[in-house]
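Remarks on the structure that follows.
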Amino acid sequence: MPASQPDQSATDKRWKTINLVMQRHDHRPEALIETLHAAQEAFGFLDPETLAYIATQLDVPPAKVYGVTTFYNHFNCSPRGEHFLEICTGTACHVKGTDRIAAWAQEKYGLEPGQTTADNRLSMVEVRCVGACALAPVIITDGTLIGAKTIAETTDLIEEWLHDDAP
Amino acid sequence: MTAAQILTLTIDGKHVSGLAHETLLQVALENDIAIPTLCCLEGLSNQGSCRLCMVEIAGTTKPQPACVTLIQEGMVVITQSENLRTYRRTIIELLFSERNHICAVCVANEHCELQTLARDLGVDHISFPGRYPALPVDASHDRFVLDHNRCILCTRCVRVCAEIEGAHTWDIQGRGIRSLITADFNSPWGQSTTCTSCGKCVQVCPTGALFEKGRSVAEMLKKRPSLPYLVSNRTREQQ
């Protein structure tokens with residue numbers, strides 16, 4: 001397990017911010033989620049080296065770090081594509097048929113939840129309840145919430161969104 | 001130390017007493033009242049996740065898990081009723097339908113707590129469609145094998161590794177239906193840097209999910225380690 005920063009570049013600003021977060025919490029194990037947030041923000045994803053470094057620094061067992069990372073939809077262990085589509089599978093959205101949006105995405109882009117397309121254009125995840133149940137069915141396209149639309153309208157909007165900056 | 005407070009209560013019509021810090025399950029066991037359990041194991045912390053030990057308590061409409069409910073003065077508890085039996089049977093059926101539990105070809109056949117409970121509760125078929133997920137088997141360890149297909153996610157292995165062995169090699173990755181037991185950073189068990197190969201996880205596993213290499217069908221007889229004995233010995237050492 002690497003006790004030092006994976007790429008050894010102490011001057012790398014991104015590592016500085018992560019170290020700062022851990023210092024601010026006195027390297028207590030409770031700082032885990034906060035630190036993961038900082039690392040995800042800095043690198044865009046959490047690779048095993050980063051997780052190992054955080055585990056050593058905070059003295060948290062590796063398995064626990066991995067468990068926490070994979071429990072939350074917010075964290076991802078591999079780089080995301082250029083665009084990021086979140087499909088809500090909470091109760092209200094499920095009733096309104098977001099599973100059909102997921103099925104549509106799978107057919108059109110060959111994407112299972114949690115995967116990225118081969119050309120790195122699009123990543124898709126299922127999230128459980130984004131707290132906007134009144135707007136079901138809800139999807140989030142690059143951080144923009146789309147809701148209160150029919151399934152057909154929603155899939156059209158996804159196509160438009162991906163088409164806008166198509167090469 | 002202040003004298004422990006003694007409380008009296010009724011379980012299944014029997015008047016019993018226990019100490020204030022005891023759980024319903026402990027008091028029931030002391031009085032030879034059987035409550036089915038699966039995730040609970042003496043010597044480990046209780047997390048109340050399998051929900052098999054649910055009991056009815058007079059005055060509340062919701063059943064409560066006996067393993068994490070502390071006793072109270074004057075409690076009236078029912079551990080066996082038609083409702084509870086239905087709940088318990090359903091839980092067992094759901095556990096069976098979630099993974100690939102094929103008793104006839106399982107190393108733990110005849111020595112499996114899930115199988116025993118199913119038999120005791122009269123589960124002779126499963127009313128839910130099975131999911132039959134394609135799950136991997138991790139045989140990278142020299143002496144042991146982890147078969148996700150038999151795992152019921154009781155987390156006994158996670159707790160015994162973290163609490164008794166102190167290695168915390170195991171944890172749960174993912175969430176919900178996609179949860180899996182995982183070693184370190186999802187590395188193969190054989191390459192785990194924290195595992196001490198003590199084998200406690202294998203012995204506490206209630207099913208055939210963790211077993212010793214070289215065991216064939218029905219040959220994996222688990223030696224439930226005397227965890228309370230281990231714990232008490234260690235406490236004595238530390239004093």
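By convention in this document, the chains of the structure tokens carry letters A, B, ... by their order, each chain's residues are numbered from 1, and ligands are numbered from 1 in the order they are shown.
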
Determine which residues of chain A sit within 6 Å of chain B, taking into account only C-alpha atoms, and present them as a list of chain:residue names.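 That gives A:Pro62, A:Ala63, A:Lys64, A:Tyr66, A:Gly67, A:Thr70, A:Phe71 for chain A.
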
Would you mind writing down, as a ChimeraX atom specification, each residue of region 54-238 of chain B that DSSP on the backbone assigns to alpha helix (DSSP H)? /B:82-98,113-120,156-159,200-204,227-238

Write out as a ChimeraX atom specification which residues come within 10 Å of Thr69 (chain B) when counting only C-alpha atoms, dropping same-chain ones fewer than 4 positions away. /B:21-26,48,54-55,64-65

Please save C-alpha atoms of the selected residues as a PDB file, in the first residue's frame.
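Generated output (result_14.pdb):
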ATOM      1  CA  HIS B  21     -28.552  -4.015  29.438  1.00  0.00           C
ATOM      2  CA  GLU B  22     -29.684  -7.359  28.001  1.00  0.00           C
ATOM      3  CA  THR B  23     -31.526  -7.741  24.731  1.00  0.00           C
ATOM      4  CA  LEU B  24     -34.784  -9.609  24.265  1.00  0.00           C
ATOM      5  CA  LEU B  25     -32.915 -12.321  22.396  1.00  0.00           C
ATOM      6  CA  GLN B  26     -30.421 -12.871  25.220  1.00  0.00           C
ATOM      7  CA  GLY B  48     -30.271  -6.615  13.282  1.00  0.00           C
ATOM      8  CA  MET B  54     -38.657 -10.099  14.776  1.00  0.00           C
ATOM      9  CA  VAL B  55     -41.033 -10.417  17.731  1.00  0.00           C
ATOM     10  CA  GLN B  64     -39.187  -5.421  16.600  1.00  0.00           C
ATOM     11  CA  PRO B  65     -35.898  -7.316  16.101  1.00  0.00           C
TER      12      PRO B  65
END

Mind checking which residues fall within 8 Å of Glu82 (chain A), counting only C-alpha atoms, ignoring those fewer than 5 positions away in the same chain, and posting them as a PyMOL selection string? chain A and resi 120-123

Could those selected residues go to a file with C-alpha atoms, as a PDB file, in the first residue's frame?
ATOM      1  CA  ASN A 120     -16.170   8.155 -24.179  1.00  0.00           C
ATOM      2  CA  ARG A 121     -19.094  10.411 -25.109  1.00  0.00           C
ATOM      3  CA  LEU A 122     -21.583   9.406 -22.459  1.00  0.00           C
ATOM      4  CA  SER A 123     -21.662   7.894 -18.975  1.00  0.00           C
TER       5      SER A 123
END

DSSP on the backbone, then: every residue of region 44-77 of chain B marked strand (DSSP E or B), written as a list of chain:residue names.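 Those in region 44-77 of chain B that DSSP calls strand (DSSP E or B) are B:Met54, B:Val55, B:Glu56, B:Ile57, B:Gln64, B:Pro65, B:Leu70, B:Val76, B:Val77.
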
Once you have the residues from the selection above, write them out as a compact mmCIF listing (two decimals), in the first residue's frame, restricted to C-alpha atoms.
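Output file out19.txt follows:
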# COMPACT_ATOMS: atom_id res chain seq x y z
CA MET B 54 -38.66 -10.10 14.78
CA VAL B 55 -41.03 -10.42 17.73
CA GLU B 56 -44.34 -8.82 18.63
CA ILE B 57 -44.39 -6.51 21.62
CA GLN B 64 -39.19 -5.42 16.60
CA PRO B 65 -35.90 -7.32 16.10
CA LEU B 70 -33.29 -3.96 25.02
CA VAL B 76 -45.16 -8.52 27.00
CA VAL B 77 -43.50 -10.28 24.10

I want to know what sits within 12 Å of region 145-150 of chain A, based on only C-alpha atoms, with residues of the same chain fewer than 2 positions away left out; could you give that as a VMD selection string? chain A and resid 84 to 88 92 to 93 96 to 98 100 to 101 130 to 143 152 to 158 161

Rounded to one decimal, what separation in Å do you get between CA of Leu36 (chain A) and CA of Phe75 (chain A)?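 One can read the CA of Leu36 (chain A) to CA of Phe75 (chain A) distance as 7.8 Å.
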
Need the shell around Lys13 (chain A): protein/DNA/RNA residues with any atom at most 10 Å away, counting only C-alpha atoms. Skip same-chain ones fewer than 5 positions apart. Format as JSON, numbers by chain? {"A": [18, 19, 42]}

Taking N, CA and C atoms for each residue, export the selection above as a PDB file, in the first residue's frame.
ATOM      1  N   ILE A  18      -6.432  17.857  -1.360  1.00  0.00           N
ATOM      2  CA  ILE A  18      -6.864  16.635  -0.671  1.00  0.00           C
ATOM      3  C   ILE A  18      -6.180  16.542   0.694  1.00  0.00           C
ATOM      4  N   ASN A  19      -4.879  16.816   0.717  1.00  0.00           N
ATOM      5  CA  ASN A  19      -4.151  16.784   1.988  1.00  0.00           C
ATOM      6  C   ASN A  19      -4.699  17.815   2.966  1.00  0.00           C
ATOM      7  N   ALA A  42     -11.095  16.713  -7.473  1.00  0.00           N
ATOM      8  CA  ALA A  42      -9.784  17.024  -8.028  1.00  0.00           C
ATOM      9  C   ALA A  42      -9.454  16.177  -9.256  1.00  0.00           C
TER      10      ALA A  42
END

With distances taken over only C-alpha atoms, which of B:Gln238, B:Ile6, B:Leu121, B:Lys223 is nearest to Thr86 (chain B)? B:Leu121

Between CA of Glu93 (chain B) and CA of Val95 (chain A), what is the distance in Å, rounded to a tenth? 25.5 Å

Could you build a table of the residues in region 52-120 of chain B lying no more than 7 Å from region 32-39 of chain B, giving for each the nearest pair of atoms and their separation in Å rounded to one decimal place, using only C-alpha atoms, ordered by chain and ascending residue number, as a tab-separated table?
residue	atom	partner	partner_atom	distance
B:Leu52	CA	B:Thr37	CA	5.5
B:Cys53	CA	B:Thr37	CA	5.4
B:Thr79	CA	B:Ile35	CA	6.6

Residue with smallest distance to Glu98 (chain B) - pool B:Val137, B:Cys151, B:Val202, B:Leu19, counting only C-alpha atoms: B:Cys151

Nearest to Lys213 (chain B), chosen from B:Arg51, B:His101, B:His148, B:Arg143, with only C-alpha atoms counted in the distances: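 Among the listed residues, B:Arg143 lies closest to Lys213 (chain B).
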
I'd like the neighbourhood of Ile92 (chain B) as a list of chain:residue names, where a residue qualifies if any of its atoms comes within 9 Å (using only C-alpha atoms), though same-chain residues fewer than 3 positions away should be ignored.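 Counting only C-alpha atoms, the residues come to B:Leu52, B:Tyr87, B:Arg88, B:Arg89, B:Leu95, B:Phe96, B:Ser97, B:Leu114, B:Leu117, B:Ala118, B:Leu121, B:Val123, B:Ile126.
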